[in-house]
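Here is the structure we will look at.
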Amino acid sequence: MSSLYVLGGRQRKSVLKHEREWNLYEAALILEIDMESGAVRTCVEYKSPPEVLAGENSSVVFKAGTVVGNTLYACTSTEVLIFKLPEFQIIKYVSLPCFNDLHHVTPTSEGDLLVANTGLDMVVKVSSGGERVGEWNVLAEHPWSRFSLTTDYRKVASTKPHKSHPNFIFELNDEIWVTRARQRDAVCLHDSGKRIDIALQFPHDGLVHGKRIYFTLVDGRVVIVNSRSLQVEEVIDLKKIDGQGALLGWCRGLLPLDDRNLWVGFSHIRKTWFEENILWVKNVLQEGMREKPTHVALYDLVKKRCIQEIDVEAHGMKVIFSILSADRQAAPFV
């Protein structure tokens with residue numbers, strides 16, 4: 001693998017002191033990073049059409065996506081976009097009234113789409129024709145007990161506070177699993193008795209690689225789970241690897257290269273997170289500590305060291321949601 005795709009967004013230049021996340025980002029971005037040289041180029045800069053936004057200042061940002069072959073599945077808060085690679089040609093577009101605060105999209109082996117519909121605390125299945133064909137409430141409640149099928153939730157700025165905040169979907173042994181931030185776990189949608197207890201902090205991701213499942217925790221830790229026993233094997237604190245001199249950022253987005261080397265994404269800490277009583281931020285912040293920009297970093301999990309670090313904030317990306325493999329002949333960097 002010679003390069004990476006990083007999905008996220010560019011923040012507005014003028015941001016009010018108490019601006020919320022659903023108004024912060026003006027454009028969704030996909031960057032490509034050459035792993036050897038560290039060169040970065042912008043592949044996609046995207047702005048959603050007004051008809052799928054709650055207001056003119058609604059955030060537009062790419063959340064977590066999936067690459068399968070020459071196809072990239074990406075989502076904004078209210079849309080699913082499917083790109084043909086390497087041209088980044090949009091070959092399919094889906095936006096449904098039930099979409100609110102989407103966090104991840106991934107295809108099934110049958111060609112359907114699984115969408116983490118975070119704002120409605122559910123996972124939605126969408127057919128290849130773009131129709132909603134099923135949904136699961138991630139708390140095992142009736143999917144529409146708290147929400148209405150007649151409401152266009154794309155026009156609702158936020159449904160927070162969420163009871164669960166599901167944010168990443170993965171398949172394990174032909175079963176669908178989803179991470180749940182509030183419950184600090186991952187749960188099987190086919191059998192709610194099957195659960196991975198993460199407990200330590202809000203999880204994100206949930207990437208199955210070999211016999212392991214990798215989760216990021218927002219406070220800068222990576223949790224490695226045995227995919228057979230569903231038990232935590234190791235917790236790696238990236239803050240300790242980097243030292244205590246810098247605030248790494250909001251940890252989200254990862255890509256295992258093998259059993260040893262792992263790319264991880266960090267988004268620059270927002271001032272509003274201090275005001276929103278994000279306790280882990282307050283707990284790790286020390287006097288004189290510098291704040292790192294939004295960046296991706298490559299870690300050697302055996303030697304417990306950071307091998308490479310690439311600043312993407314310098315290229316316009318303020319928030320990261322996903323790191324994906326660009327396993328193809330990369331276009332020339334200029």
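We name chains A, B, ... following the order of the structure tokens; residues begin at 1 in each chain, and ligands are numbered from 1 as shown.
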Using only C-alpha atoms, which protein or nucleic acid residues come within 10 Å of Met317 (chain A)? Drop anything in the same chain fewer than 6 positions from it, and give the result as JSON, numbers by chain.
{"A": [6, 7, 8, 9, 10, 11, 25, 27, 28, 29, 30, 31, 42, 61, 267, 268, 293, 294, 295, 311]}
Restrict the selected residues to N, CA and C atoms and save them as a short mmCIF file (atom, residue, chain, number, x, y, z; two decimals), in the first residue's frame.
data_model
loop_
_atom_site.label_atom_id
_atom_site.label_comp_id
_atom_site.auth_asym_id
_atom_site.auth_seq_id
_atom_site.Cartn_x
_atom_site.Cartn_y
_atom_site.Cartn_z
N VAL A 6 -7.88 10.04 3.62
CA VAL A 6 -8.35 10.55 4.91
C VAL A 6 -9.62 11.34 4.66
N LEU A 7 -10.70 10.98 5.37
CA LEU A 7 -12.00 11.63 5.19
C LEU A 7 -12.29 12.53 6.38
N GLY A 8 -12.80 13.73 6.09
CA GLY A 8 -13.12 14.68 7.16
C GLY A 8 -13.71 15.95 6.60
N GLY A 9 -13.33 17.09 7.18
CA GLY A 9 -13.92 18.34 6.73
C GLY A 9 -13.08 19.56 7.06
N ARG A 10 -13.41 20.64 6.39
CA ARG A 10 -12.76 21.94 6.62
C ARG A 10 -13.66 22.82 7.47
N GLN A 11 -13.09 23.42 8.47
CA GLN A 11 -13.86 24.28 9.38
C GLN A 11 -14.08 25.66 8.77
N TYR A 25 -18.54 23.04 10.07
CA TYR A 25 -17.73 22.66 8.91
C TYR A 25 -18.39 23.06 7.59
N ALA A 27 -17.11 22.41 4.34
CA ALA A 27 -16.89 21.54 3.18
C ALA A 27 -16.35 20.20 3.62
N ALA A 28 -16.84 19.13 2.98
CA ALA A 28 -16.32 17.79 3.21
C ALA A 28 -15.09 17.57 2.33
N LEU A 29 -14.08 16.94 2.90
CA LEU A 29 -12.82 16.76 2.19
C LEU A 29 -12.39 15.30 2.18
N ILE A 30 -11.75 14.90 1.08
CA ILE A 30 -11.00 13.65 1.03
C ILE A 30 -9.59 14.00 0.58
N LEU A 31 -8.62 13.67 1.44
CA LEU A 31 -7.22 13.88 1.11
C LEU A 31 -6.56 12.54 0.80
N THR A 42 -5.51 17.11 -2.28
CA THR A 42 -6.96 17.09 -2.10
C THR A 42 -7.60 16.37 -3.28
N VAL A 61 -19.46 17.55 6.17
CA VAL A 61 -18.22 16.85 6.49
C VAL A 61 -18.39 15.38 6.14
N SER A 267 -8.09 14.65 15.69
CA SER A 267 -8.66 15.94 15.32
C SER A 267 -8.35 16.97 16.40
N HIS A 268 -7.98 18.17 15.95
CA HIS A 268 -7.63 19.27 16.85
C HIS A 268 -8.76 19.49 17.86
N PRO A 293 -1.96 19.90 15.93
CA PRO A 293 -2.96 20.10 14.87
C PRO A 293 -3.59 18.78 14.48
N THR A 294 -4.64 18.86 13.68
CA THR A 294 -5.27 17.65 13.14
C THR A 294 -4.23 16.89 12.33
N HIS A 295 -4.06 15.60 12.63
CA HIS A 295 -2.98 14.85 11.99
C HIS A 295 -3.28 13.35 12.00
N ASP A 311 0.73 16.20 9.27
CA ASP A 311 -0.20 17.28 9.58
C ASP A 311 -1.15 17.45 8.40
#
Which residues of region 122-230 of chain A come within 10 Å of region 78-87 of chain A, and what is each one's closest atom pair and distance in Å (one decimal), counting only C-alpha atoms, sorted by chain and residue number, as JSON lines?
{"residue": "A:Gly130", "atom": "CA", "partner": "A:Val80", "partner_atom": "CA", "distance": 9.5}
{"residue": "A:Tyr153", "atom": "CA", "partner": "A:Thr78", "partner_atom": "CA", "distance": 8.5}
{"residue": "A:Arg154", "atom": "CA", "partner": "A:Thr78", "partner_atom": "CA", "distance": 5.8}
{"residue": "A:Lys155", "atom": "CA", "partner": "A:Thr78", "partner_atom": "CA", "distance": 9.2}
Written file, previous selection with N, CA and C atoms, as a short mmCIF file (atom, residue, chain, number, x, y, z; two decimals), in the first residue's frame:
data_model
loop_
_atom_site.label_atom_id
_atom_site.label_comp_id
_atom_site.auth_asym_id
_atom_site.auth_seq_id
_atom_site.Cartn_x
_atom_site.Cartn_y
_atom_site.Cartn_z
N GLY A 130 -31.44 2.26 -3.52
CA GLY A 130 -31.54 3.48 -2.71
C GLY A 130 -32.77 3.55 -1.84
N TYR A 153 -35.86 14.23 8.78
CA TYR A 153 -34.84 14.51 9.79
C TYR A 153 -33.60 15.17 9.21
N ARG A 154 -33.49 15.23 7.89
CA ARG A 154 -32.40 15.99 7.28
C ARG A 154 -32.56 17.48 7.58
N LYS A 155 -33.79 17.90 7.88
CA LYS A 155 -34.09 19.30 8.16
C LYS A 155 -34.06 19.61 9.66
#
Give me every strand (DSSP E) residue in region 94-265 of chain A, going by DSSP on the backbone, as number ranges by chain.
A: 94, 102-107, 113-117, 122-126, 132-137, 166-172, 175-180, 185-188, 195-197, 203-209, 212-217, 221-226, 232-237, 246-247, 250-256, 261-265
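Take CA of Gly265 (chain A) and CA of Val296 (chain A): the distance between them is 4.4 Å.
Reported to one decimal place, the separation of CA of Asp121 (chain A) from CA of His165 (chain A) is 5.8 Å.
With only C-alpha atoms as the atoms that count, the minimum distance from Leu102 (chain A) to the choices A:Gly210, A:Phe321, A:Ile224, A:Leu301 is reached by A:Phe321.
Summary of the local environment: counting only C-alpha atoms, residues at most 12 Å from Gln231 (chain A), other than itself and those fewer than 2 positions away along its chain, are Asp185, Ala186, Lys194, Arg195, Ile196, Asp197, Ile198, Ala199, Lys211, Arg212, Ile213, Tyr214, Val223, Ile224, Val225, Asn226, Ser227, Arg228, Ser229, Glu233, Glu234 and Val235 of chain A.
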Pick from A:Cys188, A:Leu72, A:Leu120, A:Glu131: nearest to Arg146 (chain A), with only C-alpha atoms counted?
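For Arg146 (chain A), the nearest of the given residues is A:Leu120.
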DSSP helix (DSSP H, G or I) residues within region 65-232 of chain A, as a VMD selection string
chain A and resid 118 to 120 153 to 155
Calculate how many Å separate CA of Ala314 (chain A) from CA of Tyr46 (chain A), rounding to one decimal.
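Computed distance, CA of Ala314 (chain A) to CA of Tyr46 (chain A), equals 18.3 Å.
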Distance criterion (only C-alpha atoms): nearest to Glu26 (chain A) out of A:Ser2, A:Val52, A:Cys75, A:Ser59:
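With only C-alpha atoms as the atom set, the closest residue is A:Ser59.
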Among the residues A:Ala74, A:Pro107, A:Ala297, A:Ala64, the one that comes closest to Tyr93 (chain A) [using only C-alpha atoms]
A:Ala74
Here is a test: counting only C-alpha atoms, which residue of A:Ser127, A:Ser325, A:Ser37, A:Asn117 is nearest to Val67 (chain A)?
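Closest to Val67 (chain A), using only C-alpha atoms: A:Ser325.
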With only C-alpha atoms as the atoms that count, which of A:Pro166, A:Gly253, A:Gly111, A:Gly129 lies nearest to Leu207 (chain A)?
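Counting only C-alpha atoms, the residue closest to Leu207 (chain A) is A:Gly253.
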